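What follows is a single structure, written as structure tokens, with notes after it.
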Amino acid sequence: MRLASTDPFDRVPPASEQPPVAGATASPDGAEADPISTAKARLAACRSRFQSVRDYTCTFIKRERIDGRLSSYEVMTMKARTGPQSVYFKFRRPNAGREAIYVHGRNGGKAIVHDVGIGRLVAGSLHLDPDSRRAMDGNRHPITEAGIGFMIDTLLEGWHREMNPLDTVVTIREGVLVNKRPSTMIICNHPQRSPHFVFHEVRLYIDSELGLPTRFEAYDWPRGSGEAPPLVEEYTYTDLRLNVGLTDHDFSPSNKAYSFGRF
């Protein structure tokens, strides 16, 4: 399935543009090809694959709905390490040049942020509690929840809790392109709202070669009859390179390639 291509990655059509796939609905009678079991097995395989990942670099692209308003695309260079949990971001757009570092168990548990523009002149580099209002401004999740590993673990827990043949429809499609790379798309849909469901629909894209998820979308329930479900959050990992040999220096504000502490 080839997707329309736009900057900065191949665009995945929203739910309203996707044609239904016959035979992809989970049923309580234990059909021969059970999409729910298949989806869980695919995600479990992703976790097993990620256990061999020590670090990675990528371009991270996100959109989130904050206070009812969907943000524009944010594009960042990302470095990540699994032990200790470490992430580094450098914004490309908007706020080109903004940087952030978080290393679990270091820097007093703070995220170190280097801003740009007037924020740089006023504050320079900041040490912020990841859950503080300032650190969370414009974000649905703290920096401590960034990365592929956290996404896999969160989905595994959520799918175990929420996927039930009585109120869940699962669709699996092969050959979907994300950033021109063949992927498997898994759609988990809850037609009826329930307090224990986080989203109306989740879409996960697993890179066929890497065996890891490289894109995630979540949608809320439609506001009215005939309306498309609104996008809540969307994350894409492109140009993913695994086990490149990142060190403490890659997650240090003293790295001379970074701009922390500069005015």
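Each chain of the structure tokens is named A, B, ... in the order shown, its residues numbered from 1; ligands are numbered from 1 in display order.
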query: What residues in stretch 25-252 of chain A get the DSSP label strand (DSSP E or B)? Please answer as JSON, numbers by chain.
result: {"A": [55, 56, 57, 58, 59, 60, 61, 62, 63, 64, 65, 66, 69, 70, 74, 75, 76, 77, 78, 79, 80, 81, 82, 85, 86, 87, 88, 89, 90, 91, 92, 93, 99, 100, 101, 102, 103, 111, 112, 113, 114, 125, 126, 127, 128, 169, 170, 171, 172, 173, 174, 175, 176, 177, 178, 181, 182, 183, 184, 185, 186, 187, 188, 189, 201, 202, 203, 204, 205, 206, 207, 213, 214, 215, 216, 217, 218, 219, 231, 232, 233, 234, 235, 236, 237, 238, 239, 240, 241, 242]}
task: Return as a list of chain:residue names the full set of residues in stretch 74-234 of chain A whose backbone-based DSSP assignment is alpha helix (DSSP H).
output: A:Ile118, A:Gly119, A:Arg120, A:Leu121, A:Val122, A:Ala123, A:Arg133, A:Arg134, A:Ala135, A:Met136, A:Ile148, A:Gly149, A:Phe150, A:Met151, A:Ile152, A:Asp153, A:Thr154, A:Leu155, A:Leu156, A:Glu157, A:Gly158, A:Trp159, A:His160, A:Arg161, A:Glu162
Would you export the selected residues with N, CA, C and O atoms as a tab-separated table (two decimals), in the first residue's frame, please?
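Result written to again_24.tsv:
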chain	number	residue	atom	x	y	z
A	118	ILE	N	14.03	34.86	22.69
A	118	ILE	CA	13.98	35.66	23.90
A	118	ILE	C	14.15	34.80	25.14
A	118	ILE	O	14.72	35.24	26.15
A	119	GLY	N	13.69	33.54	25.08
A	119	GLY	CA	13.85	32.65	26.21
A	119	GLY	C	15.30	32.38	26.52
A	119	GLY	O	15.71	32.28	27.67
A	120	ARG	N	16.14	32.29	25.49
A	120	ARG	CA	17.58	32.08	25.70
A	120	ARG	C	18.20	33.28	26.40
A	120	ARG	O	19.02	33.15	27.31
A	121	LEU	N	17.80	34.48	25.98
A	121	LEU	CA	18.38	35.69	26.55
A	121	LEU	C	17.97	35.88	28.00
A	121	LEU	O	18.74	36.38	28.82
A	122	VAL	N	16.75	35.47	28.32
A	122	VAL	CA	16.24	35.67	29.67
A	122	VAL	C	16.75	34.61	30.63
A	122	VAL	O	17.18	34.91	31.76
A	123	ALA	N	16.75	33.34	30.19
A	123	ALA	CA	16.99	32.27	31.14
A	123	ALA	C	18.22	31.42	30.85
A	123	ALA	O	18.69	30.72	31.74
A	133	ARG	N	5.11	22.55	35.26
A	133	ARG	CA	4.27	23.24	34.28
A	133	ARG	C	5.10	23.79	33.13
A	133	ARG	O	4.70	23.70	31.97
A	134	ARG	N	6.27	24.33	33.45
A	134	ARG	CA	7.10	24.90	32.38
A	134	ARG	C	7.61	23.82	31.43
A	134	ARG	O	7.63	23.99	30.21
A	135	ALA	N	8.06	22.69	32.00
A	135	ALA	CA	8.56	21.61	31.16
A	135	ALA	C	7.45	20.98	30.32
A	135	ALA	O	7.68	20.51	29.21
A	136	MET	N	6.23	20.97	30.86
A	136	MET	CA	5.11	20.33	30.18
A	136	MET	C	4.38	21.27	29.23
A	136	MET	O	3.47	20.84	28.53
A	148	ILE	N	11.06	4.88	22.03
A	148	ILE	CA	10.42	3.69	21.49
A	148	ILE	C	10.13	2.66	22.59
A	148	ILE	O	9.08	2.02	22.60
A	149	GLY	N	11.06	2.48	23.51
A	149	GLY	CA	10.88	1.50	24.56
A	149	GLY	C	9.67	1.78	25.43
A	149	GLY	O	8.88	0.88	25.74
A	150	PHE	N	9.51	3.05	25.83
A	150	PHE	CA	8.35	3.41	26.65
A	150	PHE	C	7.06	3.20	25.86
A	150	PHE	O	6.06	2.72	26.41
A	151	MET	N	7.06	3.52	24.57
A	151	MET	CA	5.88	3.33	23.75
A	151	MET	C	5.48	1.85	23.69
A	151	MET	O	4.30	1.50	23.84
A	152	ILE	N	6.46	0.97	23.50
A	152	ILE	CA	6.17	-0.46	23.45
A	152	ILE	C	5.57	-0.95	24.77
A	152	ILE	O	4.54	-1.64	24.79
A	153	ASP	N	6.21	-0.59	25.88
A	153	ASP	CA	5.74	-1.06	27.18
A	153	ASP	C	4.34	-0.53	27.50
A	153	ASP	O	3.49	-1.26	28.03
A	154	THR	N	4.08	0.73	27.17
A	154	THR	CA	2.77	1.32	27.43
A	154	THR	C	1.69	0.64	26.62
A	154	THR	O	0.59	0.33	27.12
A	155	LEU	N	1.97	0.36	25.35
A	155	LEU	CA	0.99	-0.30	24.49
A	155	LEU	C	0.74	-1.74	24.93
A	155	LEU	O	-0.40	-2.22	24.90
A	156	LEU	N	1.79	-2.45	25.32
A	156	LEU	CA	1.61	-3.82	25.79
A	156	LEU	C	0.66	-3.86	26.98
A	156	LEU	O	-0.25	-4.70	27.04
A	157	GLU	N	0.87	-2.96	27.94
A	157	GLU	CA	0.00	-2.91	29.10
A	157	GLU	C	-1.42	-2.52	28.70
A	157	GLU	O	-2.40	-3.12	29.16
A	158	GLY	N	-1.54	-1.53	27.82
A	158	GLY	CA	-2.85	-1.07	27.39
A	158	GLY	C	-3.61	-2.10	26.58
A	158	GLY	O	-4.82	-2.31	26.79
A	159	TRP	N	-2.93	-2.78	25.67
A	159	TRP	CA	-3.61	-3.79	24.85
A	159	TRP	C	-4.03	-4.99	25.71
A	159	TRP	O	-5.09	-5.59	25.47
A	160	HIS	N	-3.22	-5.35	26.67
A	160	HIS	CA	-3.61	-6.45	27.56
A	160	HIS	C	-4.87	-6.08	28.34
A	160	HIS	O	-5.75	-6.93	28.56
A	161	ARG	N	-4.98	-4.83	28.72
A	161	ARG	CA	-6.12	-4.38	29.53
A	161	ARG	C	-7.36	-4.12	28.68
A	161	ARG	O	-8.49	-4.41	29.10
A	162	GLU	N	-7.19	-3.60	27.48
A	162	GLU	CA	-8.32	-3.08	26.71
A	162	GLU	C	-8.81	-3.99	25.59
A	162	GLU	O	-9.97	-3.90	25.20
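The residue set within 9 Å of A:Cys188, counting only C-alpha atoms and dropping same-chain residues fewer than 5 places from it, reads Ile36, Ala39, Trp159, Met163, Thr168, Val169, Val170, Thr171, Ile172, His200, Glu201, Val202, Arg203 and Leu204 of chain A.
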Restricted to N, CA and C atoms, what would the selected residues look like written as a PDB file, in the first residue's frame?
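To be explicit, this is the file written out as out-v4.pdb:
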ATOM      1  N   ILE A  36      -6.690 -10.030  17.258  1.00  0.00           N
ATOM      2  CA  ILE A  36      -6.264  -9.560  18.575  1.00  0.00           C
ATOM      3  C   ILE A  36      -5.021 -10.317  19.031  1.00  0.00           C
ATOM      4  N   ALA A  39      -2.067  -9.222  16.900  1.00  0.00           N
ATOM      5  CA  ALA A  39      -1.565  -7.900  17.262  1.00  0.00           C
ATOM      6  C   ALA A  39      -0.710  -7.952  18.516  1.00  0.00           C
ATOM      7  N   TRP A 159      -2.933  -2.780  25.668  1.00  0.00           N
ATOM      8  CA  TRP A 159      -3.608  -3.792  24.853  1.00  0.00           C
ATOM      9  C   TRP A 159      -4.030  -4.989  25.706  1.00  0.00           C
ATOM     10  N   MET A 163      -7.944  -4.823  25.019  1.00  0.00           N
ATOM     11  CA  MET A 163      -8.349  -5.607  23.852  1.00  0.00           C
ATOM     12  C   MET A 163      -9.257  -6.748  24.249  1.00  0.00           C
ATOM     13  N   THR A 168     -13.832  -4.586  20.838  1.00  0.00           N
ATOM     14  CA  THR A 168     -12.631  -4.131  20.148  1.00  0.00           C
ATOM     15  C   THR A 168     -12.601  -4.689  18.732  1.00  0.00           C
ATOM     16  N   VAL A 169     -12.273  -3.844  17.773  1.00  0.00           N
ATOM     17  CA  VAL A 169     -12.080  -4.258  16.387  1.00  0.00           C
ATOM     18  C   VAL A 169     -10.617  -4.030  16.027  1.00  0.00           C
ATOM     19  N   VAL A 170      -9.947  -5.093  15.629  1.00  0.00           N
ATOM     20  CA  VAL A 170      -8.533  -5.011  15.272  1.00  0.00           C
ATOM     21  C   VAL A 170      -8.368  -5.297  13.785  1.00  0.00           C
ATOM     22  N   THR A 171      -7.613  -4.429  13.120  1.00  0.00           N
ATOM     23  CA  THR A 171      -7.306  -4.568  11.697  1.00  0.00           C
ATOM     24  C   THR A 171      -5.799  -4.588  11.529  1.00  0.00           C
ATOM     25  N   ILE A 172      -5.296  -5.496  10.704  1.00  0.00           N
ATOM     26  CA  ILE A 172      -3.857  -5.583  10.443  1.00  0.00           C
ATOM     27  C   ILE A 172      -3.634  -5.495   8.943  1.00  0.00           C
ATOM     28  N   HIS A 200     -10.276   6.188  21.262  1.00  0.00           N
ATOM     29  CA  HIS A 200     -11.217   5.537  20.356  1.00  0.00           C
ATOM     30  C   HIS A 200     -10.482   4.595  19.418  1.00  0.00           C
ATOM     31  N   GLU A 201      -9.346   5.061  18.884  1.00  0.00           N
ATOM     32  CA  GLU A 201      -8.590   4.250  17.932  1.00  0.00           C
ATOM     33  C   GLU A 201      -7.101   4.534  18.065  1.00  0.00           C
ATOM     34  N   VAL A 202      -6.324   3.463  18.013  1.00  0.00           N
ATOM     35  CA  VAL A 202      -4.864   3.549  18.025  1.00  0.00           C
ATOM     36  C   VAL A 202      -4.345   2.877  16.765  1.00  0.00           C
ATOM     37  N   ARG A 203      -3.350   3.501  16.152  1.00  0.00           N
ATOM     38  CA  ARG A 203      -2.718   2.928  14.965  1.00  0.00           C
ATOM     39  C   ARG A 203      -1.214   2.826  15.210  1.00  0.00           C
ATOM     40  N   LEU A 204      -0.702   1.619  15.093  1.00  0.00           N
ATOM     41  CA  LEU A 204       0.719   1.370  15.308  1.00  0.00           C
ATOM     42  C   LEU A 204       1.322   0.831  14.017  1.00  0.00           C
TER      43      LEU A 204
END
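Going from atom CA of A:Arg65 over to atom CA of A:Asn139, you cover 8.7 Å.
Residues surrounding A:Glu233 within 8 Å are Lys62, Arg63, Glu64, Arg65, Phe216, Glu217, Ala218 and Tyr219 of chain A [only C-alpha atoms; sequence separation below 3 positions excluded].
Remark: for A:Ser52, the closest of the candidate residues A:Pro165, A:Leu70, A:Arg81, A:Ser254 is A:Arg81 (distances computed over only C-alpha atoms).
For the residues A:Asp131, A:Asp220, A:Asp67, A:Glu145, ranking by smallest atom-to-atom distance to A:Ala80 using only C-alpha atoms places A:Glu145 first.
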- line: Of A:Pro191, A:Gly211, A:Pro253, A:Gly147, the one nearest to A:Phe60 when counting only C-alpha atoms is A:Gly147
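Here atom CA of A:Leu210 stands at a distance of 24.0 Å from atom CA of A:Glu74.
The residue that comes closest to A:Ala111, out of A:Ser252, A:Ser259, A:Thr57, A:Ser225 and on the basis of only C-alpha atoms, is A:Ser252.
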field: Spatial neighbours of A:Tyr88, 12 Å, only C-alpha atoms, chain gap at least 4 places, as a ChimeraX atom specification
entry: /A:55-60,76-81,98-103,111-114,143-144,146-147,246-253,255,258,260
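Separating atom CA of A:Ser208 from atom CA of A:Pro182 is a distance of 5.8 Å.
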field: Close residues, A:Ile206 itself excluded, 8 Å, only C-alpha atoms, min 5 positions apart in chain, as a ChimeraX atom specification
entry: /A:183-185,211-215
